[in-house]
>>> print(open('data-v4.cif').read())   # mmCIF, C-alpha atoms
data_entry
loop_
_atom_site.label_atom_id
_atom_site.label_comp_id
_atom_site.auth_asym_id
_atom_site.auth_seq_id
_atom_site.Cartn_x
_atom_site.Cartn_y
_atom_site.Cartn_z
CA MET M 100 75.55 88.20 -18.85
CA ALA M 101 77.79 91.22 -18.27
CA PRO M 102 78.38 93.56 -21.22
CA PRO M 103 81.88 93.40 -22.75
CA SER M 104 84.44 95.76 -21.28
CA ALA M 105 86.26 98.38 -23.33
CA SER M 106 89.37 96.19 -23.09
CA ASP M 107 87.49 93.14 -24.41
CA THR M 108 86.02 95.17 -27.27
CA CYS M 109 89.44 96.53 -28.24
CA HIS M 110 90.98 93.05 -28.14
CA THR M 111 88.17 91.67 -30.31
CA GLU M 112 88.61 94.45 -32.86
CA ARG M 113 92.33 93.73 -33.18
CA HIS M 114 91.62 89.99 -33.51
CA LEU M 115 89.15 90.64 -36.33
CA ALA M 116 91.65 92.93 -38.03
CA ARG M 117 94.29 90.17 -37.97
CA LEU M 118 91.77 87.66 -39.37
CA SER M 119 90.92 90.06 -42.19
CA ALA M 120 94.61 90.48 -42.97
CA GLN M 121 95.05 86.70 -42.99
CA LEU M 122 92.24 86.32 -45.52
CA TYR M 123 93.81 89.04 -47.69
CA TYR M 124 97.47 88.02 -47.50
CA GLY M 125 96.98 84.28 -46.94
CA PHE M 126 98.95 84.45 -43.66
CA VAL M 127 99.16 86.49 -40.49
CA PRO M 128 101.45 89.37 -41.53
CA GLU M 129 103.42 89.68 -38.25
CA ALA M 130 106.67 90.00 -40.21
CA MET M 131 105.28 93.15 -41.80
CA SER M 132 104.70 94.87 -38.46
CA ILE M 133 107.17 96.94 -36.47
CA LEU M 134 105.70 95.35 -33.37
CA ASN M 135 106.19 91.71 -32.43
CA LEU M 136 102.80 91.10 -30.85
CA ARG M 137 103.75 87.68 -29.49
CA PHE M 138 106.80 89.13 -27.78
CA LEU M 139 104.71 91.91 -26.23
CA GLN M 140 102.31 89.38 -24.83
CA GLU M 141 104.89 86.89 -23.60
CA LYS M 142 107.62 89.24 -22.31
CA ILE M 143 106.32 92.75 -21.72
CA ASN M 144 102.80 92.21 -20.42
CA ARG M 145 103.37 88.89 -18.75
CA GLU M 146 103.15 88.95 -14.96
CA ALA M 147 103.02 92.74 -14.99
CA PRO M 148 100.31 93.73 -12.50
CA TRP M 149 99.02 97.27 -12.91
CA ALA M 150 100.18 97.43 -16.54
CA THR M 151 96.62 98.48 -17.30
CA SER M 152 97.31 101.75 -15.47
CA HIS M 153 99.67 102.49 -18.36
CA GLY M 154 96.96 101.81 -20.94
CA SER M 155 97.90 98.16 -21.52
CA ASP M 156 95.26 95.44 -21.85
CA GLU M 157 97.54 92.67 -20.53
CA GLY M 158 97.50 91.03 -23.95
CA ASP M 159 99.56 92.19 -26.92
CA TYR M 160 98.67 95.86 -26.51
CA ILE M 161 101.02 97.92 -24.33
CA GLY M 162 99.48 101.40 -24.49
CA ALA M 163 101.84 104.02 -23.04
CA GLY M 164 104.54 101.36 -22.92
CA LEU M 165 105.22 102.13 -26.57
CA PHE M 166 105.77 105.75 -25.56
CA TYR M 167 108.26 104.77 -22.86
CA TYR M 168 110.07 102.55 -25.33
CA SER M 169 110.20 105.36 -27.89
CA ILE M 170 111.79 107.78 -25.43
CA VAL M 171 114.64 105.37 -24.71
CA TYR M 172 115.01 104.56 -28.39
CA MET M 173 114.83 108.16 -29.54
CA LEU M 174 117.32 109.47 -26.96
CA LYS M 175 119.54 106.38 -27.20
CA ALA M 176 119.31 106.63 -23.43
CA LYS M 177 122.28 104.97 -21.76
CA LEU M 178 121.04 105.59 -18.21
CA CYS M 179 117.38 104.97 -17.43
CA VAL M 180 115.99 105.15 -13.91
CA CYS M 181 112.56 104.02 -12.77
CA ILE M 182 111.39 105.07 -9.32
CA GLY M 183 108.88 102.47 -8.14
CA SER M 184 107.15 99.77 -10.16
CA GLY M 185 104.55 97.36 -8.89
CA GLY M 186 104.83 94.96 -11.81
CA ALA M 187 108.16 96.05 -13.38
CA PHE M 188 106.31 97.03 -16.57
CA VAL M 189 108.29 100.22 -17.20
CA PRO M 190 111.81 99.04 -16.30
CA ARG M 191 111.55 95.99 -18.54
CA ILE M 192 110.50 98.25 -21.44
CA MET M 193 113.43 100.58 -20.74
CA LYS M 194 115.88 97.69 -20.74
CA GLN M 195 114.33 96.09 -23.81
CA ALA M 196 114.79 99.30 -25.78
CA GLN M 197 118.44 99.46 -24.70
CA ARG M 198 118.90 95.83 -25.73
CA ASP M 199 117.31 96.48 -29.12
CA LEU M 200 119.63 99.45 -29.67
CA GLY M 201 122.69 97.44 -28.67
CA LEU M 202 123.89 100.25 -26.41
CA THR M 203 127.25 99.41 -24.87
CA GLY M 204 127.38 100.12 -21.15
CA ALA M 205 123.67 101.00 -20.96
CA ARG M 206 122.03 100.78 -17.54
CA THR M 207 118.43 100.55 -16.40
CA ILE M 208 118.04 101.03 -12.66
CA LEU M 209 114.89 100.28 -10.67
CA VAL M 210 114.66 102.06 -7.30
CA ASP M 211 111.98 100.75 -4.95
CA ALA M 212 111.42 101.14 -1.22
CA ILE M 213 109.05 98.14 -1.08
CA ALA M 214 106.76 100.29 1.04
CA GLY M 215 103.63 102.39 0.74
CA GLU M 216 100.04 101.53 -0.07
CA TRP M 217 100.17 101.92 -3.85
CA GLY M 218 101.34 99.06 -6.07
CA ARG M 219 103.46 96.98 -3.70
CA PRO M 220 105.99 95.15 -5.94
CA GLN M 221 105.18 91.63 -7.12
CA TRP M 222 108.58 90.81 -8.59
CA THR M 223 110.86 90.77 -5.53
CA ALA M 224 111.32 86.98 -5.45
CA PRO M 225 114.61 85.98 -7.12
CA ASP M 226 112.76 83.51 -9.36
CA SER M 227 110.06 85.97 -10.49
CA PHE M 228 109.47 86.22 -14.21
CA PHE M 229 110.84 89.77 -14.36
CA ARG M 230 114.08 88.97 -12.55
CA ARG M 231 114.64 85.84 -14.64
CA GLU M 232 114.00 87.54 -18.00
CA TYR M 233 115.58 90.91 -17.18
CA PRO M 234 118.49 90.16 -14.85
CA ASP M 235 120.38 93.08 -16.40
CA VAL M 236 118.00 95.59 -14.76
CA GLU M 237 119.82 96.84 -11.67
CA ILE M 238 117.62 96.89 -8.58
CA ILE M 239 118.25 99.19 -5.61
CA PHE M 240 116.01 98.56 -2.62
CA GLY M 241 115.76 101.73 -0.58
CA LYS M 242 114.05 105.06 -0.19
CA SER M 243 114.34 107.10 -3.36
CA HIS M 244 115.51 110.17 -1.44
CA ASP M 245 118.41 108.25 0.14
CA VAL M 246 119.37 106.70 -3.21
CA ALA M 247 119.51 110.14 -4.85
CA LEU M 248 121.91 111.34 -2.15
CA ASN M 249 124.11 108.24 -2.16
CA GLU M 250 124.22 105.76 -5.06
CA GLY M 251 122.76 108.32 -7.47
CA ALA M 252 124.89 111.31 -6.51
CA ASP M 253 126.92 111.17 -9.75
CA TRP M 254 124.18 109.96 -12.11
CA LYS M 255 123.38 111.75 -15.36
CA ILE M 256 119.98 110.29 -16.15
CA ASP M 257 118.79 110.29 -19.75
CA TYR M 258 115.30 109.06 -18.98
CA LEU M 259 113.56 109.04 -15.60
CA HIS M 260 110.16 107.55 -14.80
CA ILE M 261 108.58 108.62 -11.49
CA ASP M 262 106.07 106.11 -10.12
CA GLY M 263 107.09 105.60 -6.49
CA ASP M 264 105.67 107.45 -3.51
CA HIS M 265 102.13 108.33 -4.59
CA THR M 266 101.56 111.01 -1.97
CA TYR M 267 101.65 114.61 -3.13
CA GLU M 268 104.60 115.45 -0.87
CA GLY M 269 106.58 112.31 -1.65
CA SER M 270 106.18 112.48 -5.42
CA LEU M 271 107.13 116.15 -5.49
CA GLN M 272 110.23 115.37 -3.46
CA ASP M 273 111.16 112.63 -5.94
CA PHE M 274 110.93 115.17 -8.74
CA HIS M 275 113.10 117.70 -6.92
CA ASP M 276 115.64 115.09 -5.77
CA TYR M 277 116.13 113.58 -9.20
CA LYS M 278 115.83 116.57 -11.51
CA LYS M 279 119.29 117.56 -10.26
CA LEU M 280 120.59 114.22 -11.56
CA MET M 281 119.24 114.61 -15.10
CA ALA M 282 121.40 114.87 -18.20
CA PRO M 283 120.99 118.22 -20.03
CA ASP M 284 118.63 116.76 -22.65
CA GLY M 285 117.02 114.16 -20.40
CA LEU M 286 113.29 113.53 -20.23
CA ILE M 287 111.00 112.60 -17.34
CA THR M 288 107.69 110.78 -17.31
CA PHE M 289 105.41 111.00 -14.29
CA HIS M 290 102.75 108.35 -13.74
CA ASP M 291 99.25 108.50 -12.21
CA THR M 292 98.23 112.02 -13.19
CA TYR M 293 94.52 111.26 -13.26
CA GLY M 294 92.00 110.03 -10.72
CA GLU M 295 91.96 109.91 -6.96
CA ILE M 296 95.65 109.19 -6.35
CA PRO M 297 97.07 112.22 -4.46
CA CYS M 298 100.22 112.55 -6.58
CA TYR M 299 98.23 113.84 -9.57
CA ARG M 300 98.43 117.33 -7.99
CA THR M 301 102.22 117.29 -8.34
CA VAL M 302 102.02 117.90 -12.09
CA ALA M 303 100.55 121.36 -11.58
CA ASP M 304 103.46 122.29 -9.32
CA ILE M 305 105.98 121.02 -11.85
CA ARG M 306 104.38 123.14 -14.55
CA ALA M 307 104.25 126.18 -12.24
CA GLU M 308 108.02 125.92 -11.77
CA GLY M 309 108.40 126.69 -15.47
CA HIS M 310 109.04 123.18 -16.79
CA GLU M 311 107.40 121.99 -20.01
CA VAL M 312 104.65 119.49 -19.23
CA ILE M 313 102.39 117.46 -21.50
CA ASP M 314 99.80 115.68 -19.37
CA LEU M 315 98.19 112.71 -21.16
CA ARG M 316 95.53 111.97 -18.57
CA GLU M 317 93.39 109.93 -20.95
CA VAL M 318 95.93 107.07 -21.18
CA GLY M 319 95.45 104.52 -18.39
CA ALA M 320 95.80 106.32 -15.07
CA GLY M 321 97.47 109.17 -16.93
CA PHE M 322 101.10 110.11 -17.39
CA ALA M 323 102.92 113.37 -17.99
CA LEU M 324 105.98 114.04 -20.12
CA VAL M 325 108.28 116.59 -18.52
CA LYS M 326 111.14 118.50 -20.11
CA LEU M 327 113.07 120.50 -17.56
CA LYS M 328 113.45 124.20 -18.13
CA GLN M 329 116.96 125.08 -19.15
CA ASP M 330 118.91 127.75 -17.37
CA ALA M 331 119.83 130.55 -19.75
CA ALA M 332 123.24 130.02 -21.28
CA PRO M 333 125.78 132.49 -19.91
CA MET M 334 126.01 135.52 -22.16
CA LEU M 335 129.25 135.76 -24.06
CA GLU M 336 131.29 138.87 -23.31
CA TRP M 337 133.59 141.00 -25.46
CA LYS M 338 136.62 140.50 -23.24
CA TYR M 339 139.08 141.35 -25.98
CA LEU M 340 137.78 144.95 -26.08
CA ASP M 341 139.32 145.52 -22.65
CA SER M 342 142.80 144.42 -23.76
CA GLU M 343 145.68 146.89 -24.00
CA ALA M 344 145.69 146.55 -27.77
CA PHE M 345 142.04 147.48 -28.21
CA ARG M 346 142.28 150.33 -25.71
CA THR M 347 144.40 152.19 -28.27
CA ARG M 348 141.16 152.93 -30.15
CA TYR M 349 140.13 155.16 -27.26
CA VAL M 350 143.52 156.84 -27.14
CA LEU M 351 143.06 157.84 -30.78
CA ALA M 352 139.46 158.94 -30.21
CA ALA M 353 140.47 161.10 -27.22
CA HIS M 354 143.09 162.82 -29.41
CA PHE M 355 140.47 163.89 -31.98
CA LEU M 356 138.09 165.12 -29.27
CA ARG M 357 140.50 167.62 -27.71
CA GLU M 358 138.57 170.62 -29.04
CA CYS M 359 135.25 169.41 -27.54
CA ARG M 360 134.17 170.61 -24.10
CA THR M 361 131.06 168.39 -24.11
CA ILE M 362 131.29 164.73 -25.12
CA ILE M 363 128.64 162.06 -25.63
CA GLU M 364 129.56 158.42 -25.97
CA ILE M 365 127.10 155.69 -26.89
CA GLY M 366 128.44 152.22 -26.20
CA GLY M 367 131.19 152.72 -23.63
CA TYR M 368 131.06 149.17 -22.24
CA LYS M 369 134.08 148.54 -19.97
CA THR M 370 136.33 151.23 -21.47
CA PRO M 371 134.35 154.50 -21.38
CA ILE M 372 135.91 157.46 -23.15
CA ASP M 373 136.31 159.57 -19.98
CA GLU M 374 139.17 157.31 -18.85
CA PHE M 375 141.26 158.43 -21.85
CA LEU M 376 140.61 162.17 -22.08
CA THR M 377 143.60 164.38 -21.37
CA HIS M 378 142.17 167.83 -22.10
CA ASP M 379 140.03 170.05 -19.88
CA PHE M 380 136.43 169.11 -20.65
CA GLU M 381 133.17 170.37 -19.17
CA SER M 382 130.96 167.25 -19.22
CA VAL M 383 130.93 163.66 -20.46
CA LEU M 384 127.86 161.47 -20.92
CA VAL M 385 128.34 157.71 -21.45
CA LEU M 386 125.28 155.60 -22.32
CA ASP M 387 125.55 151.81 -22.33
CA PRO M 388 123.49 149.08 -20.60
CA LEU M 389 126.77 147.40 -19.60
CA VAL M 390 128.97 150.42 -18.87
CA ALA M 391 131.46 149.86 -16.07
CA ASP M 392 131.15 151.69 -12.75
CA PRO M 393 128.19 154.02 -13.35
CA ALA M 394 129.15 156.01 -10.25
CA ALA M 395 132.09 157.82 -11.78
CA VAL M 396 134.42 159.68 -9.40
CA ASP M 397 134.65 162.80 -11.56
CA PRO M 398 131.47 164.88 -11.02
CA ARG M 399 131.70 166.07 -14.62
CA VAL M 400 131.13 162.50 -15.85
CA ARG M 401 127.80 160.71 -16.03
CA ARG M 402 127.82 157.01 -16.84
CA ILE M 403 124.29 155.72 -17.31
CA ARG M 404 123.32 152.09 -17.80
CA GLN M 405 120.62 152.68 -20.36
CA GLU M 406 119.81 152.21 -24.03
CA TYR M 407 120.27 155.45 -25.93
CA GLN M 408 116.73 155.12 -27.39
CA GLN M 409 115.26 155.81 -23.92
CA PHE M 410 117.43 158.85 -23.16
CA ASP M 411 116.32 162.47 -23.53
CA PHE M 412 118.99 164.31 -25.52
CA SER M 413 117.11 167.61 -25.73
CA PRO M 414 119.51 169.41 -23.29
CA TYR M 415 122.32 168.81 -25.80
CA GLU M 416 120.56 170.46 -28.75
CA GLY M 417 122.57 173.44 -29.97
CA LEU M 418 125.74 172.44 -28.11
CA ASP M 419 129.06 171.82 -29.83
CA TYR M 420 129.53 168.30 -28.59
CA GLY M 421 131.77 165.49 -29.66
CA LEU M 422 130.08 162.16 -30.36
CA VAL M 423 131.87 158.84 -29.89
CA LEU M 424 130.60 155.56 -31.35
CA ILE M 425 133.25 152.89 -30.81
CA GLY M 426 132.54 149.21 -31.49
CA PHE M 427 128.84 149.96 -31.37
CA ASP M 428 126.23 147.76 -33.11
CA PHE M 429 122.84 149.34 -33.64
CA THR M 430 119.82 149.75 -35.86
CA PRO M 431 119.97 153.19 -37.53
CA THR M 432 117.23 155.49 -36.24
CA GLU M 433 116.32 159.11 -36.90
CA GLN M 434 117.22 159.94 -33.30
CA LEU M 435 120.74 158.60 -33.76
CA ALA M 436 121.04 160.24 -37.18
CA ALA M 437 120.11 163.60 -35.60
CA LEU M 438 122.84 163.18 -32.96
CA VAL M 439 125.38 162.37 -35.67
CA ARG M 440 124.21 165.28 -37.84
CA GLN M 441 124.57 167.85 -35.04
CA ALA M 442 127.92 166.66 -33.61
CA LYS M 443 130.84 169.07 -33.91
CA VAL M 444 133.27 166.15 -33.99
CA LEU M 445 132.24 162.61 -34.77
CA VAL M 446 134.50 159.63 -34.03
CA VAL M 447 133.29 156.28 -35.28
CA GLU M 448 135.05 152.90 -35.00
CA PHE M 449 133.78 149.50 -36.16
CA ALA M 450 134.83 146.02 -37.20
CA GLU M 451 135.94 145.61 -40.80
CA ASP M 452 136.43 141.82 -40.73
CA SER M 453 135.09 140.14 -43.86
CA SER M 454 133.16 137.73 -41.65
CA TRP M 455 131.33 140.61 -39.95
CA THR M 456 129.92 143.17 -42.37
CA GLN M 457 127.07 144.30 -40.12
CA SER M 458 128.92 147.20 -38.48
CA ARG M 459 130.33 148.55 -41.74
CA ASN M 460 126.89 148.48 -43.36
CA GLN M 461 125.27 150.12 -40.33
CA PHE M 462 127.68 153.04 -40.29
CA SER M 463 127.54 153.53 -44.04
CA GLU M 464 123.76 153.85 -43.74
CA LEU M 465 124.03 156.13 -40.70
CA MET M 466 126.55 158.49 -42.32
CA LEU M 467 124.39 158.71 -45.44
CA GLN M 468 121.25 159.34 -43.35
CA ALA M 469 122.99 162.07 -41.35
CA GLY M 470 124.55 163.67 -44.42
CA ARG M 471 128.13 163.36 -43.14
CA THR M 472 131.34 162.25 -44.75
CA ALA M 473 134.59 161.16 -43.12
CA GLU M 474 137.57 163.43 -43.56
CA LEU M 475 139.90 160.87 -42.02
CA GLN M 476 139.87 157.07 -42.18
CA ILE M 477 142.35 154.95 -40.24
CA SER M 478 142.66 151.18 -40.69
CA LEU M 479 143.60 149.32 -37.50
CA GLY M 480 144.88 145.75 -37.40
CA TYR M 481 145.06 143.97 -34.05
CA ALA M 482 145.88 140.42 -35.14
CA GLY M 483 148.75 138.86 -33.21
CA ASN M 484 148.21 140.83 -30.01
CA ASP M 485 147.70 139.30 -26.57
CA PHE M 486 144.02 139.63 -25.68
CA GLY M 487 144.21 137.85 -22.34
CA ASP M 488 141.84 135.11 -21.17
CA LEU M 489 139.06 134.81 -23.76
CA ARG M 490 137.07 132.04 -22.12
CA GLY M 491 133.40 133.03 -22.28
CA SER M 492 134.18 135.70 -24.86
CA TRP M 493 133.37 136.29 -28.48
CA PRO M 494 136.43 135.81 -30.69
CA PRO M 495 138.28 139.05 -31.46
CA ARG M 496 137.38 140.93 -34.62
CA THR M 497 140.84 142.27 -35.32
CA GLU M 498 140.38 144.25 -38.54
CA ARG M 499 138.96 147.65 -37.60
CA LYS M 500 138.36 151.10 -39.08
CA LEU M 501 138.21 154.45 -37.34
CA LEU M 502 136.48 157.42 -39.00
CA VAL M 503 136.67 161.10 -38.01
CA SER M 504 134.23 163.73 -39.25
CA ARG M 505 134.17 167.45 -38.29
CA ARG M 506 131.28 169.85 -38.80
CA HIS M 507 132.63 173.04 -40.37
#
>>> encode(input="data-v4.cif", output="structure tokens")
Amino acid sequence: MAPPSASDTCHTERHLARLSAQLYYGFVPEAMSILNLRFLQEKINREAPWATSHGSDEGDYIGAGLFYYSIVYMLKAKLCVCIGSGGAFVPRIMKQAQRDLGLTGARTILVDAIAGEWGRPQWTAPDSFFRREYPDVEIIFGKSHDVALNEGADWKIDYLHIDGDHTYEGSLQDFHDYKKLMAPDGLITFHDTYGEIPCYRTVADIRAEGHEVIDLREVGAGFALVKLKQDAAPMLEWKYLDSEAFRTRYVLAAHFLRECRTIIEIGGYKTPIDEFLTHDFESVLVLDPLVADPAAVDPRVRRIRQEYQQFDFSPYEGLDYGLVLIGFDFTPTEQLAALVRQAKVLVVEFAEDSSWTQSRNQFSELMLQAGRTAELQISLGYAGNDFGDLRGSWPPRTERKLLVSRRH
């Protein structure tokens, strides 16, 4: 007599557990369970060849099927796509979750080429159990690559299960073809990540591309959960700083720097101070990682795309330079405090908006650290001005203050 299989043992243990519960409660407590075991046996596992490769035992235990169901349920996935399914185990679970959620307009689409040596479909007959019980699963017969280019061109897939071409090359192509069709927060599961099936190697490539992968190889034939890496969100700009209204800050700063032959600006961005100077200066240094046009035409001007912390200021020690800090956010450092302390003329400008106290606090700390006081304070209000196209920009901080300090 053959020893019992792991599946038989597991089934027996669950049967004994239900008998114990019956003795305790006086009835089989199915109503107390989240799972309807009879339904799982009669609808989900019935006539579902290869369900065991998903950890199912073909009885009332569905293994990874509960995971697939949870993804649909958790995401409230309105568009689910399954590439390949020998026994329609996964697509029926996808659709059942959508039914249980009552999602209006929800679609589950099964794409199958009815080709290949792995898991040839057993549900293609119109009167098959799957097609009778789940007629609302849309079936597209065709190569997955062609479907992605044609019927699927405009899809935004919430949940995708890849279980079609089991070759390494074919499964990787499925991933690349369909990842472009995923919704921003969509999830992918990839089947057969363990054993001798060639497609298991695809998971390593997916991970190497920078996508998040959890490979659960111990469940059935293994499956991986994939979350696509997200492209970095475009960095917001400070477009309003380049408006005519905000450029007046530099006009004022240039006025107070007329006595300085050497000028240092930290934070020039797209409106460096050299564009506004009207007096005869000797040299201008502008330091900003985003400064416009580093190759300035005037040989007396150096615009350097660099953080000030990495710059060597020793050549400026002992010089009577003017220092410009306009709209500049920073962490006070001794290096910056030394520059402020030694400047002949210091011009500082920052946002005074009540919703943005960071700049005001930074400069208060810096002035205290450098031992300087402002002899002139000018309040600037820019509300109501035309700032141009602000798409992709931070909102304008229109309440500003400009400080001037001279070393006597």
>>> closest_residue(input="data-v4.cif", among="M:Glu343, M:Glu268, M:Glu448, M:Asp314", to="Glu364 in chain M", atoms="only C-alpha atoms")
M:Glu448
>>> resolve_selection(input="data-v4.cif", expression="the PyMOL selection byres ((chain M and resi 464) around 12)", output="MDAnalysis selection string")
chainID M and resid 429:433 435:436 439 457:463 465:472
>>> atom_distance(input="data-v4.cif", atom1="CA of Asn144 in chain M", atom2="CA of Leu165 in chain M")
11.9 Å
>>> residues_around(input="data-v4.cif", residues="Pro495 in chain M", least_positions_apart="6", cutoff="12 Å", atoms="only C-alpha atoms", output="ChimeraX atom specification")
/M:336-342,344-345,426,450-452,454-455,480-489
>>> atom_distance(input="data-v4.cif", atom1="CA of Leu351 in chain M", atom2="CA of Leu438 in chain M")
21.0 Å
>>> axis_aligned_box(input="data-v4.cif", around="range 481-493 of chain M", padding_each_side="5 Å", output="AutoDock Vina command-line options")
--center_x 141.1 --center_y 138.0 --center_z -28.2 --size_x 25.4 --size_y 21.9 --size_z 24.0
>>> residues_around(input="data-v4.cif", residues="Ala391 in chain M", least_positions_apart="3", cutoff="9 Å", atoms="only C-alpha atoms", output="PyMOL selection string")
chain M and resi 367-371+387+394+402+404
>>> atom_distance(input="data-v4.cif", atom1="CA of Ile182 in chain M", atom2="CA of Ile239 in chain M")
9.8 Å
>>> closest_residue(input="data-v4.cif", among="M:Arg219, M:Leu501, M:Tyr277, M:Pro297", to="Tyr349 in chain M", atoms="all atoms listed in the file")
M:Leu501
>>> resolve_selection(input="data-v4.cif", expression="the PyMOL selection byres ((chain M and resi 193-195) around 8)", output="ChimeraX atom specification")
/M:167-168,171,179,189-192,196-199,206-207,233,235-236
>>> resolve_selection(input="data-v4.cif", expression="the PyMOL selection byres ((chain M and resi 220) around 7)", output="list in words")
Ser184, Gly185, Gly186, Ile213, Gly218, Arg219, Gln221, Trp222 and Thr223 of chain M
>>> residues_around(input="data-v4.cif", residues="Asp159 in chain M", least_positions_apart="2", cutoff="7 Å", atoms="all atoms listed in the file", output="JSON, numbers by chain")
{"M": [136, 137, 139, 140, 157, 161]}
>>> closest_residue(input="data-v4.cif", among="M:Tyr299, M:Tyr258, M:Tyr267, M:Phe228", to="Arg145 in chain M", atoms="all atoms listed in the file")
M:Phe228
>>> closest_residue(input="data-v4.cif", among="M:Leu174, M:Arg231, M:Arg360, M:Leu209", to="Glu146 in chain M", atoms="all atoms listed in the file")
M:Arg231
>>> closest_residue(input="data-v4.cif", among="M:Val400, M:Ile363, M:Arg306, M:Asp257", to="Leu445 in chain M", atoms="only C-alpha atoms")
M:Ile363
>>> closest_residue(input="data-v4.cif", among="M:Ala307, M:Val180, M:Asp262, M:Lys142", to="Glu232 in chain M", atoms="all atoms listed in the file")
M:Lys142
>>> residues_around(input="data-v4.cif", residues="Phe410 in chain M", least_positions_apart="4", cutoff="9 Å", atoms="all atoms listed in the file", output="JSON, numbers by chain")
{"M": [386, 405, 406]}
>>> residues_near_point(input="data-v4.cif", point="(91.2, 110.7, -20.4)", cutoff="12 Å", atoms="all atoms listed in the file", output="JSON, numbers by chain")
{"M": [152, 153, 154, 291, 292, 293, 294, 314, 315, 316, 317, 318, 319, 320, 321, 322]}
